[in-house]
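Notes for the one structure printed next.
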Amino acid sequence: MESLVKALNDIIWSPPLVYLCLGAGLYFSIRSRFMQVRGIKEMVRLLFSGQSSQAGVSSFQALAMSLSGRVGTGNIAGVATAIAFGGPGAVFWMWVVAFLGASTAYVESALGQIYKEKDDNGQYRGGPAYYIEKGLGVKWYAWLFALVTVIATGFLLPGVQANGIAAGLNNAFGIPSAVTAAGVVVLLGFIIFGGVKRIAHFAQVVVPFMALAYILVALVIVFLKIDQVPEVLSLIVRSAFGMEAGFGAVVGLAVQWGVKRGIYSNEAGQGTGPHAAAAAEVSHPAKQGYVQAFSVYVDTLLVCSATAFLILSTGMYNVYDPAGGAMLVEQLPGVPEGPGFAQAAVESVLPGFGQAFVALALLFFAFTTIVAYYYMAETNIAYINRRVHRPWMVFALRIGMMAVVTYASIGSVGTAWGLGDIGVGLMAWLNIIAILILQKPAFLALRDYERQKKAGLDPVFDPEALGIRNAAFWQRRLDDK
């Protein structure tokens with residue numbers, strides 16, 4: 001099984017996908033005149049403006065929902081994995097993919113808003129399947145994305161999060177994986193049977209609190225190791241470009257693993273963010289595009305960087321030699337890549353605290369990610385059901401997802417990560433190609449938003465005036481007014 005999963009990953013995550021992710025981010029950055037830099041003030045302002053409604057959630061709730069999908073095992077175990085296989089230089093390429101990916105996140109999230117619709121229950125639904133059908137007019141491609149997303153977010157990606165929770169709690173408290181699996185499944189069932197509103201309310205409380213706590217602990221440790229910070233930064237940059245002795249063998253892998261784990265963590269271009277973005281109640285699609293771009297910074301430049309500095313400043317990591325044999329770096333003999341790196345890092349500075357704290361952070365991060373994955377899968381089932389009504393599919397998703405979480409909690413970490421990477425890669429291929437073709441409406445919306453802001457208005461979206469077709473929800477809203 002592991003050999004098959006590895007072979008599929010080698011095909012999906014071949015260099016063309018790495019170049020596609022970086023190239024698309026660079027292109028969108030140039031075309032938007034680097035909105036991810038000049039728009040930071042607006043991003044922060046929009047976080048706390050706007051209210052929820054019967055049909056949608058607030059901008060902050062939508063941000064929390066998307067962050068609950070972004071901030072997960074990838075921010076702790078994923079960073080450790082990137083360092084283990086790509087060396088410290090992989091962190092630099094995670095930063096690059098986050099900076100460029102913020103513009104990609106704007107494009108896909110604005111498109112999610114432009115082409116959203118209301119479902120039979122009066123809730124907003126949207127995402128790549130919706131904008132591929134309405135914007136590109138290619139129904140078979142939209143169906144393909146919807147099916148791939150249901151499989152990826154419903155059955156491939158949750159296993160990584162569940163496995164990380166089980167490993168972290170076992171390392172810290174010796175809790176058997178089977179016990180962890182039972183607890184997670186019971187809590188998951190309570191949340192996912194409660195609907196989108198319950199997901200949003202849960203995420204807006206848990207995610208900001210745990211992310212802030214994790215960053216604060218990381219800052220304390222970095223402060224205690226402040227003399228190491230210049231060397232850590234230098235090591236990251238030197239390793240990224242093959243200038244660090246000992247890491248020349250993994251310089252190519254640094255790019256590959258940095259991009260792979262960067263996208264796994266911040267999900268820019270993967271097509272997951274637009275699902276939460278579409279659920280927001282806003283007066284203009286660009287508003288939520290700004291907010292979702294900011295979420296990439298929170299995920300990678302804050303939370304992932306916190307993990308990287310924890311691990312590298314304390315020296316608690318291993319780096320595998322791609323040729324096999326002895327490791328390039330082996331500071332944690334017998335500790336597999338994953339949450340153990342971060343736990344050992346915190347424990348080395350704060351004895352008796354590190355393992356438990358990281359395990360709890362991982363529990364909340366990963367659990368909220370599983371919940372967000374369910375929402376994404378359910379949204380794509382809603383898309384399928386609107387066209388071919390299969391009411392049993394949502395129930396099957398819930399039961400199937402709970403079964404996957406149970407199995408992955410006690411299964412192999414290698415297989416769990418491999419299956420997750422397949423899910424991320426397939427979604428990224430399909431979504432990035434789609435948004436490269438369908439980018440124009442997102443940039444029309446951006447220019448329209450900036451024009452109205454400059455005129456001192458609270459921007460309102462009129463798709464017909466911009467020449468954007470098939471944005472039926474927005475057209476109806478204008479007609480009603």
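Letters A, B, ... go to the chains of the structure tokens in the order shown; residues in each chain start at 1; ligands are counted from 1 in the same order.
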Do a neighbour search on Ile76 (chain A) at 8 Å with only C-alpha atoms, toss out local chain neighbours closer than 3 positions, and write the hits as a PDB file with N, CA and C atoms, in the first residue's frame.
ATOM      1  N   GLY A  72      -3.636  23.301  10.859  1.00  0.00           N
ATOM      2  CA  GLY A  72      -3.858  21.924  11.301  1.00  0.00           C
ATOM      3  C   GLY A  72      -2.541  21.201  11.484  1.00  0.00           C
ATOM      4  N   THR A  73      -2.549  19.901  11.232  1.00  0.00           N
ATOM      5  CA  THR A  73      -1.341  19.092  11.377  1.00  0.00           C
ATOM      6  C   THR A  73      -0.201  19.643  10.532  1.00  0.00           C
ATOM      7  N   VAL A  79       5.484  20.990   9.001  1.00  0.00           N
ATOM      8  CA  VAL A  79       6.742  21.742   9.008  1.00  0.00           C
ATOM      9  C   VAL A  79       7.893  20.814   9.357  1.00  0.00           C
ATOM     10  N   ALA A  80       7.671  19.949  10.344  1.00  0.00           N
ATOM     11  CA  ALA A  80       8.704  18.985  10.733  1.00  0.00           C
ATOM     12  C   ALA A  80       9.048  18.059   9.569  1.00  0.00           C
ATOM     13  N   CYS A 304       3.198  28.513  10.983  1.00  0.00           N
ATOM     14  CA  CYS A 304       4.259  27.625  10.484  1.00  0.00           C
ATOM     15  C   CYS A 304       5.642  28.141  10.872  1.00  0.00           C
ATOM     16  N   THR A 307       6.501  27.211  14.393  1.00  0.00           N
ATOM     17  CA  THR A 307       6.985  25.836  14.508  1.00  0.00           C
ATOM     18  C   THR A 307       8.422  25.724  14.014  1.00  0.00           C
ATOM     19  N   GLY A 338       7.441  14.454  12.389  1.00  0.00           N
ATOM     20  CA  GLY A 338       6.061  14.677  12.798  1.00  0.00           C
ATOM     21  C   GLY A 338       5.998  15.520  14.052  1.00  0.00           C
ATOM     22  N   PRO A 339       4.928  15.388  14.828  1.00  0.00           N
ATOM     23  CA  PRO A 339       4.767  16.239  16.007  1.00  0.00           C
ATOM     24  C   PRO A 339       5.871  16.063  17.042  1.00  0.00           C
ATOM     25  N   ALA A 342       8.417  19.021  17.257  1.00  0.00           N
ATOM     26  CA  ALA A 342       7.946  20.207  17.977  1.00  0.00           C
ATOM     27  C   ALA A 342       7.824  19.921  19.471  1.00  0.00           C
ATOM     28  N   LEU A 362      -2.133  20.532  18.826  1.00  0.00           N
ATOM     29  CA  LEU A 362      -2.372  19.686  17.663  1.00  0.00           C
ATOM     30  C   LEU A 362      -3.791  19.128  17.676  1.00  0.00           C
TER      31      LEU A 362
END
7 Å contact set for region 24-32 of chain A, only C-alpha atoms, chain neighbours under 5 positions out, as a ChimeraX atom specification: /A:100-101,103-104
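By chain and then residue number, the residues within 9 Å of region 389-398 of chain A are A:Val150, A:Gly154, A:Phe155, A:Gly189, A:Ile192, A:Phe193, A:Tyr374, A:Ala377, A:Glu378, A:Ile381, A:Ala382, counting only C-alpha atoms and disregarding those fewer than 6 positions away in sequence.
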With C-alpha atoms retained, export the selected residues as a CSV table (one decimal), in the first residue's frame.
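And here's out39.csv as it stands now:
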chain,number,residue,atom,x,y,z
A,150,VAL,CA,-15.5,14.8,-1.9
A,154,GLY,CA,-14.0,13.4,2.9
A,155,PHE,CA,-11.7,10.4,2.9
A,189,GLY,CA,-20.3,13.4,15.0
A,192,ILE,CA,-21.0,17.6,11.7
A,193,PHE,CA,-24.6,16.6,12.3
A,374,TYR,CA,-16.4,17.9,6.2
A,377,ALA,CA,-17.0,17.8,1.1
A,378,GLU,CA,-20.6,18.5,2.0
A,381,ILE,CA,-22.2,17.0,-2.4
A,382,ALA,CA,-24.7,19.9,-2.3
Close residues, Asp421 (chain A) itself excluded, 10 Å, only C-alpha atoms, min 4 positions apart in chain, as a PyMOL selection string: chain A and resi 5-6+8-9+12-13+152+156-157+160+260-261+263-264+415-417+425-427
For the residues selected in the previous step, produce a file with C-alpha atoms as a JSON list (two decimals), in the first residue's frame.
[["chain", "number", "residue", "atom", "x", "y", "z"],
["A", 5, "VAL", "CA", 0.83, 5.64, -2.50],
["A", 6, "LYS", "CA", 4.46, 6.80, -2.94],
["A", 8, "LEU", "CA", 1.19, 8.04, -7.12],
["A", 9, "ASN", "CA", 2.68, 10.95, -5.16],
["A", 12, "ILE", "CA", 1.17, 13.96, -8.94],
["A", 13, "TRP", "CA", 3.84, 16.02, -7.14],
["A", 152, "ALA", "CA", -10.01, 14.18, -0.97],
["A", 156, "LEU", "CA", -8.01, 11.20, 2.10],
["A", 157, "LEU", "CA", -7.13, 14.36, 4.04],
["A", 160, "VAL", "CA", -3.51, 12.92, 8.32],
["A", 260, "LYS", "CA", 4.29, 20.74, -1.08],
["A", 261, "ARG", "CA", 4.03, 21.37, 2.66],
["A", 263, "ILE", "CA", 0.32, 24.33, 0.00],
["A", 264, "TYR", "CA", -0.73, 21.52, 2.32],
["A", 415, "THR", "CA", 0.33, 6.05, 4.49],
["A", 416, "ALA", "CA", -1.80, 8.79, 6.08],
["A", 417, "TRP", "CA", 0.49, 11.58, 4.83],
["A", 425, "GLY", "CA", -2.15, 17.46, -5.37],
["A", 426, "LEU", "CA", -5.20, 16.38, -7.36],
["A", 427, "MET", "CA", -7.24, 19.35, -6.13]]
Sel. of alpha helix (DSSP H) residues, region 22-237 of chain A, as number ranges by chain: A: 22-31, 35-38, 40-47, 59-70, 73, 79-86, 89-114, 128-131, 139-151, 158-173, 177-192, 196-224, 229-237
12 Å contact set for Leu436 (chain A), only C-alpha atoms, chain neighbours under 4 positions out, as a PyMOL selection string: chain A and resi 20-21+23-28+31+104+107-108+111+132+135-136+269+428-432+440-443
